[in-house]
file coords-v7.txt (compact mmCIF, C-alpha atoms)
# COMPACT_ATOMS: atom_id res chain seq x y z
CA MET O 4 -27.18 -36.46 1.26
CA HIS O 5 -26.65 -36.25 -2.47
CA PHE O 6 -24.60 -38.10 -5.05
CA CYS O 7 -22.32 -36.55 -7.64
CA LEU O 8 -20.68 -38.18 -10.63
CA ALA O 9 -17.14 -36.82 -10.84
CA ASP O 10 -13.65 -37.48 -12.13
CA ALA O 11 -11.33 -38.64 -9.32
CA HIS O 12 -8.56 -36.54 -10.88
CA SER O 13 -10.56 -33.29 -10.65
CA LEU O 14 -13.11 -33.41 -7.85
CA PRO O 15 -15.80 -30.68 -8.01
CA PHE O 16 -15.63 -29.90 -4.30
CA THR O 17 -14.10 -27.12 -2.23
CA ASP O 18 -10.92 -27.60 -0.24
CA ASP O 19 -11.45 -29.23 3.17
CA ALA O 20 -14.99 -30.30 2.22
CA PHE O 21 -14.99 -33.77 3.81
CA ASN O 22 -13.84 -35.49 6.96
CA ILE O 23 -13.80 -38.91 5.24
CA VAL O 24 -13.29 -40.12 1.67
CA THR O 25 -13.84 -43.73 0.64
CA CYS O 26 -12.97 -45.56 -2.55
CA ARG O 27 -13.97 -49.14 -3.28
CA ARG O 28 -12.60 -51.14 -6.20
CA ALA O 29 -11.92 -48.14 -8.41
CA ALA O 30 -8.39 -46.85 -7.85
CA HIS O 31 -6.81 -49.46 -10.14
CA HIS O 32 -8.69 -47.71 -12.97
CA PHE O 33 -7.35 -44.20 -12.21
CA SER O 34 -5.13 -43.00 -15.06
CA ASP O 35 -3.05 -40.89 -12.64
CA ILE O 36 -3.20 -42.30 -9.11
CA LYS O 37 -0.91 -39.59 -7.73
CA LYS O 38 -3.16 -36.85 -9.08
CA ALA O 39 -6.22 -38.60 -7.64
CA LEU O 40 -4.54 -38.81 -4.22
CA ARG O 41 -3.68 -35.08 -4.41
CA GLU O 42 -7.37 -34.39 -5.08
CA VAL O 43 -8.41 -36.52 -2.09
CA ARG O 44 -5.88 -34.67 0.04
CA ARG O 45 -7.25 -31.32 -1.16
CA VAL O 46 -10.89 -32.11 -0.34
CA LEU O 47 -10.14 -33.71 3.05
CA GLN O 48 -10.26 -31.65 6.21
CA PRO O 49 -7.16 -31.65 8.45
CA ASN O 50 -6.94 -35.07 10.13
CA GLY O 51 -9.50 -36.38 7.62
CA ILE O 52 -9.64 -40.09 6.88
CA LEU O 53 -9.18 -41.95 3.60
CA VAL O 54 -10.40 -45.57 3.34
CA VAL O 55 -9.61 -47.61 0.23
CA ASP O 56 -10.54 -51.18 -0.66
CA ASP O 57 -9.09 -52.07 -4.04
CA ARG O 58 -7.62 -54.78 -6.21
CA SER O 59 -3.98 -55.37 -5.39
CA VAL O 60 -1.08 -57.71 -6.06
CA PRO O 61 1.33 -59.31 -3.61
CA GLU O 62 4.98 -58.31 -3.27
CA ASP O 63 5.98 -60.74 -6.01
CA GLY O 64 7.23 -59.57 -9.39
CA PHE O 65 5.80 -62.45 -11.39
CA VAL O 66 2.34 -62.34 -9.78
CA ASP O 67 2.29 -58.54 -10.10
CA SER O 68 3.03 -58.73 -13.83
CA CYS O 69 0.74 -61.67 -14.52
CA MET O 70 -2.32 -60.38 -12.62
CA ASN O 71 -2.01 -56.94 -14.18
CA GLU O 72 -1.81 -58.51 -17.64
CA LEU O 73 -4.83 -60.75 -16.93
CA ASP O 74 -6.84 -57.80 -15.64
CA CYS O 75 -5.99 -55.65 -18.66
CA LEU O 76 -7.39 -58.44 -20.82
CA HIS O 77 -10.43 -58.68 -18.54
CA ASP O 78 -11.14 -54.93 -18.58
CA GLU O 79 -9.45 -52.43 -20.91
CA SER O 80 -10.02 -49.60 -18.41
CA HIS O 81 -7.67 -51.32 -15.96
CA VAL O 82 -4.51 -49.28 -15.29
CA ARG O 83 -2.61 -50.98 -12.46
CA GLU O 84 -3.15 -53.01 -9.32
CA TYR O 85 -0.62 -51.75 -6.79
CA ARG O 86 1.39 -53.74 -4.27
CA PRO O 87 0.71 -52.94 -0.58
CA SER O 88 4.20 -51.37 -0.36
CA GLU O 89 3.40 -49.12 -3.35
CA TRP O 90 0.16 -48.01 -1.70
CA ARG O 91 1.97 -47.20 1.55
CA ARG O 92 4.62 -45.18 -0.28
CA MET O 93 2.08 -43.31 -2.45
CA LEU O 94 -0.05 -42.41 0.56
CA GLU O 95 2.92 -41.21 2.61
CA VAL O 96 4.30 -39.11 -0.26
CA SER O 97 0.81 -37.65 -0.76
CA GLY O 98 0.66 -36.39 2.83
CA PHE O 99 -1.11 -39.21 4.66
CA ARG O 100 -0.29 -41.06 7.89
CA VAL O 101 -0.94 -44.72 7.10
CA ALA O 102 -2.86 -46.49 9.85
CA LEU O 103 -3.66 -49.76 8.08
CA VAL O 104 -2.50 -51.68 5.03
CA GLU O 105 -4.30 -55.01 5.13
CA PRO O 106 -3.77 -57.32 2.14
CA TYR O 107 -6.21 -60.16 1.57
CA PHE O 108 -7.15 -62.51 -1.26
CA ARG O 109 -10.04 -64.50 -2.63
CA HIS O 110 -9.66 -67.78 -4.52
CA LEU O 111 -12.01 -67.28 -7.49
CA PRO O 112 -12.93 -69.19 -10.63
CA LEU O 113 -11.17 -68.20 -13.83
CA THR O 114 -14.58 -67.18 -15.16
CA SER O 115 -14.33 -64.11 -12.90
CA LEU O 116 -11.78 -62.88 -15.46
CA THR O 117 -13.51 -64.16 -18.59
CA SER O 118 -17.21 -63.41 -18.08
CA ASN O 119 -18.47 -60.70 -20.43
CA VAL O 120 -15.05 -60.50 -22.12
CA SER O 121 -14.38 -60.73 -25.85
CA ARG O 122 -13.59 -64.14 -27.28
CA GLU O 123 -10.08 -62.98 -28.20
CA SER O 124 -9.31 -61.76 -24.67
CA THR O 125 -10.84 -64.90 -23.15
CA GLU O 126 -8.59 -67.06 -25.30
CA LYS O 127 -5.53 -65.01 -24.26
CA ILE O 128 -6.47 -65.32 -20.57
CA HIS O 129 -6.83 -69.10 -20.90
CA ALA O 130 -3.53 -69.34 -22.80
CA ILE O 131 -1.68 -67.40 -20.10
CA VAL O 132 -3.05 -69.55 -17.28
CA GLU O 133 -2.52 -72.81 -19.20
CA GLY O 134 1.07 -71.76 -19.99
CA LEU O 135 2.10 -71.27 -16.37
CA ASN O 136 4.84 -73.56 -15.09
CA ASP O 137 4.53 -75.33 -11.73
CA ARG O 138 6.25 -72.54 -9.77
CA GLN O 139 4.07 -69.89 -11.40
CA ARG O 140 0.89 -71.93 -10.85
CA LYS O 141 1.80 -72.20 -7.18
CA ALA O 142 2.45 -68.45 -6.92
CA MET O 143 -0.97 -67.73 -8.47
CA ASN O 144 -2.58 -70.55 -6.44
CA VAL O 145 -4.03 -72.10 -9.60
CA SER O 146 -6.11 -75.17 -8.83
CA GLU O 147 -9.01 -77.11 -10.19
CA ILE O 148 -12.09 -77.34 -8.01
CA GLU O 149 -14.88 -79.59 -9.27
CA GLY O 150 -13.59 -79.24 -12.82
CA VAL O 151 -13.29 -75.44 -12.67
CA ILE O 152 -9.94 -73.60 -12.72
CA HIS O 153 -9.52 -71.19 -9.78
CA LEU O 154 -6.78 -68.70 -8.93
CA ASN O 155 -6.13 -66.03 -6.34
CA HIS O 156 -7.26 -62.44 -6.71
CA TRP O 157 -5.51 -60.07 -4.33
CA TYR O 158 -6.96 -57.00 -2.61
CA VAL O 159 -5.87 -54.43 -0.07
CA MET O 160 -7.75 -52.48 2.58
CA LEU O 161 -6.15 -49.15 3.44
CA CYS O 162 -6.88 -46.55 6.06
CA ALA O 163 -4.90 -43.33 6.34
CA SER O 164 -5.37 -39.95 7.94
CA LEU O 165 -4.35 -36.64 6.50
CA ARG O 166 -1.22 -35.08 7.94
CA GLN O 167 -1.18 -31.32 8.38
CA LYS O 168 -1.48 -29.94 4.85
CA GLU O 169 1.24 -27.35 5.10
CA SER O 170 3.87 -29.97 5.99
CA ALA O 171 2.83 -32.60 3.43
CA GLN O 172 4.89 -33.23 0.31
CA ASN O 173 3.30 -32.80 -3.14

call {"tool": "encode", "arguments": {"input": "coords-v7.txt", "output": "structure tokens"}}
result
Amino acid sequence: MHFCLADAHSLPFTDDAFNIVTCRRAAHHFSDIKKALREVRRVLQPNGILVVDDRSVPEDGFVDSCMNELDCLHDESHVREYRPSEWRRMLEVSGFRVALVEPYFRHLPLTSLTSNVSRESTEKIHAIVEGLNDRQRKAMNVSEIEGVIHLNHWYVMLCASLRQKESAQN
């Protein structure tokens, strides 16, 4: 076994090199998710498996917008957290048979978004959360636990197999 540092948009491997590709908590940083999925498709063997565990957002326009804004403030390399339906569609269009799309969440302290973040971004994050109305707070599951503000962070676990390459759409 060996490790290789590589760009997900241009993998330095031959076609059909792997029978499984995994990606954990990185895809929301890819500048071109469709290009990255094409690269995964290229390096996977026929019937190869892709497993992804990544940040996500629920099928709710407000939460989608708000969490993506909060995460951009938390980490400037953030591009987009995708909804489960977006993941399913992107995988299918990229030539995969989707076997599993399993959303889940964790209720985490607000400090998970503000630790090691600039003072300016931390202040913006706090202002956004403090400015939420009751409906928005409920959608984000904002609560105070022992004096600490918590809110939901959404994730998705995906498993898909590669369809026959010659019949897949690009």

call {"tool": "atom_distance", "arguments": {"input": "coords-v7.txt", "atom1": "atom CA of O:His77", "atom2": "atom CA of O:Leu116"}}
result
5.4 Å

call {"tool": "closest_residue", "arguments": {"input": "coords-v7.txt", "among": "O:Gln48, O:Ser34, O:Ser118, O:Thr125", "to": "O:Ala20", "atoms": "only C-alpha atoms"}}
result
O:Gln48

call {"tool": "atom_distance", "arguments": {"input": "coords-v7.txt", "atom1": "atom CA of O:Pro106", "atom2": "atom CA of O:Val46"}}
result
26.3 Å

call {"tool": "atom_distance", "arguments": {"input": "coords-v7.txt", "atom1": "atom CA of O:Phe21", "atom2": "atom CA of O:Phe33"}}
result
20.6 Å

call {"tool": "residues_near_point", "arguments": {"input": "coords-v7.txt", "point": "(-8.2, -61.6, -24.1)", "cutoff": "10 Å", "atoms": "only C-alpha atoms", "output": "list in words"}}
result
Glu72, Leu73, Asp74, Cys75, Leu76, His77, Asp78, Glu79, Leu116, Thr117, Val120, Ser121, Arg122, Glu123, Ser124, Thr125, Glu126, Lys127, Ile128, His129, Ala130 and Ile131 of chain O

call {"tool": "write_last_selection", "arguments": {"input": "coords-v7.txt", "atoms": "C-alpha atoms", "output": "mmCIF file, keeping the file's coordinate frame"}}
result
data_model
loop_
_atom_site.group_PDB
_atom_site.id
_atom_site.type_symbol
_atom_site.label_atom_id
_atom_site.label_comp_id
_atom_site.auth_asym_id
_atom_site.auth_seq_id
_atom_site.Cartn_x
_atom_site.Cartn_y
_atom_site.Cartn_z
ATOM 1 C CA GLU O 72 -1.810 -58.510 -17.640
ATOM 2 C CA LEU O 73 -4.830 -60.750 -16.930
ATOM 3 C CA ASP O 74 -6.840 -57.800 -15.640
ATOM 4 C CA CYS O 75 -5.990 -55.650 -18.660
ATOM 5 C CA LEU O 76 -7.390 -58.440 -20.820
ATOM 6 C CA HIS O 77 -10.430 -58.680 -18.540
ATOM 7 C CA ASP O 78 -11.140 -54.930 -18.580
ATOM 8 C CA GLU O 79 -9.450 -52.430 -20.910
ATOM 9 C CA LEU O 116 -11.780 -62.880 -15.460
ATOM 10 C CA THR O 117 -13.510 -64.160 -18.590
ATOM 11 C CA VAL O 120 -15.050 -60.500 -22.120
ATOM 12 C CA SER O 121 -14.380 -60.730 -25.850
ATOM 13 C CA ARG O 122 -13.590 -64.140 -27.280
ATOM 14 C CA GLU O 123 -10.080 -62.980 -28.200
ATOM 15 C CA SER O 124 -9.310 -61.760 -24.670
ATOM 16 C CA THR O 125 -10.840 -64.900 -23.150
ATOM 17 C CA GLU O 126 -8.590 -67.060 -25.300
ATOM 18 C CA LYS O 127 -5.530 -65.010 -24.260
ATOM 19 C CA ILE O 128 -6.470 -65.320 -20.570
ATOM 20 C CA HIS O 129 -6.830 -69.100 -20.900
ATOM 21 C CA ALA O 130 -3.530 -69.340 -22.800
ATOM 22 C CA ILE O 131 -1.680 -67.400 -20.100
#

call {"tool": "residues_around", "arguments": {"input": "coords-v7.txt", "residues": "O:Asp56", "least_positions_apart": "6", "cutoff": "8 Å", "atoms": "all atoms listed in the file", "output": "ChimeraX atom specification"}}
result
/O:26-28,158-161

call {"tool": "residues_around", "arguments": {"input": "coords-v7.txt", "residues": "stretch 84-94 of chain O", "least_positions_apart": "4", "cutoff": "10 Å", "atoms": "all atoms listed in the file", "output": "ChimeraX atom specification"}}
result
/O:30-32,36-37,40-41,44,53,55,57-64,67-68,70-71,74,98-106,157-165

call {"tool": "build_atoms", "arguments": {"input": "coords-v7.txt", "residues": "stretch 134-159 of chain O", "atoms": "N, CA and C atoms", "output": "CSV table (one decimal), keeping the file's coordinate frame"}}
result
chain,number,residue,atom,x,y,z
O,134,GLY,N,-0.4,-71.8,-19.7
O,134,GLY,CA,1.1,-71.8,-20.0
O,134,GLY,C,1.9,-71.6,-18.8
O,135,LEU,N,1.3,-71.5,-17.6
O,135,LEU,CA,2.1,-71.3,-16.4
O,135,LEU,C,2.8,-72.5,-16.0
O,136,ASN,N,4.1,-72.4,-15.6
O,136,ASN,CA,4.8,-73.6,-15.1
O,136,ASN,C,4.4,-73.8,-13.6
O,137,ASP,N,4.9,-74.9,-13.1
O,137,ASP,CA,4.5,-75.3,-11.7
O,137,ASP,C,4.8,-74.2,-10.7
O,138,ARG,N,5.9,-73.6,-10.7
O,138,ARG,CA,6.2,-72.5,-9.8
O,138,ARG,C,5.3,-71.4,-9.9
O,139,GLN,N,5.0,-71.0,-11.1
O,139,GLN,CA,4.1,-69.9,-11.4
O,139,GLN,C,2.6,-70.3,-11.0
O,140,ARG,N,2.2,-71.5,-11.3
O,140,ARG,CA,0.9,-71.9,-10.8
O,140,ARG,C,0.8,-71.9,-9.3
O,141,LYS,N,1.8,-72.2,-8.6
O,141,LYS,CA,1.8,-72.2,-7.2
O,141,LYS,C,1.7,-70.7,-6.7
O,142,ALA,N,2.5,-69.9,-7.3
O,142,ALA,CA,2.4,-68.4,-6.9
O,142,ALA,C,1.1,-67.8,-7.1
O,143,MET,N,0.4,-68.3,-8.2
O,143,MET,CA,-1.0,-67.7,-8.5
O,143,MET,C,-2.1,-68.6,-7.8
O,144,ASN,N,-1.7,-69.6,-7.1
O,144,ASN,CA,-2.6,-70.6,-6.4
O,144,ASN,C,-3.6,-71.1,-7.4
O,145,VAL,N,-3.1,-71.5,-8.6
O,145,VAL,CA,-4.0,-72.1,-9.6
O,145,VAL,C,-4.4,-73.5,-9.2
O,146,SER,N,-5.7,-73.8,-9.2
O,146,SER,CA,-6.1,-75.2,-8.8
O,146,SER,C,-7.4,-75.4,-9.5
O,147,GLU,N,-7.7,-76.7,-9.6
O,147,GLU,CA,-9.0,-77.1,-10.2
O,147,GLU,C,-9.9,-77.6,-9.1
O,148,ILE,N,-11.1,-77.0,-9.0
O,148,ILE,CA,-12.1,-77.3,-8.0
O,148,ILE,C,-13.4,-77.8,-8.7
O,149,GLU,N,-13.7,-79.0,-8.6
O,149,GLU,CA,-14.9,-79.6,-9.3
O,149,GLU,C,-14.9,-79.3,-10.8
O,150,GLY,N,-13.7,-79.4,-11.4
O,150,GLY,CA,-13.6,-79.2,-12.8
O,150,GLY,C,-13.5,-77.8,-13.3
O,151,VAL,N,-13.4,-76.9,-12.3
O,151,VAL,CA,-13.3,-75.4,-12.7
O,151,VAL,C,-11.9,-74.9,-12.2
O,152,ILE,N,-11.2,-74.2,-13.1
O,152,ILE,CA,-9.9,-73.6,-12.7
O,152,ILE,C,-10.2,-72.4,-11.8
O,153,HIS,N,-9.5,-72.3,-10.7
O,153,HIS,CA,-9.5,-71.2,-9.8
O,153,HIS,C,-8.1,-70.6,-9.6
O,154,LEU,N,-8.0,-69.3,-9.3
O,154,LEU,CA,-6.8,-68.7,-8.9
O,154,LEU,C,-7.0,-67.6,-8.0
O,155,ASN,N,-6.0,-67.1,-7.3
O,155,ASN,CA,-6.1,-66.0,-6.3
O,155,ASN,C,-6.3,-64.7,-7.0
O,156,HIS,N,-7.1,-63.9,-6.4
O,156,HIS,CA,-7.3,-62.4,-6.7
O,156,HIS,C,-6.9,-61.7,-5.4
O,157,TRP,N,-6.0,-60.8,-5.5
O,157,TRP,CA,-5.5,-60.1,-4.3
O,157,TRP,C,-6.2,-58.7,-4.2
O,158,TYR,N,-6.3,-58.3,-2.9
O,158,TYR,CA,-7.0,-57.0,-2.6
O,158,TYR,C,-6.2,-56.4,-1.5
O,159,VAL,N,-6.5,-55.1,-1.2
O,159,VAL,CA,-5.9,-54.4,-0.1
O,159,VAL,C,-6.9,-53.5,0.5
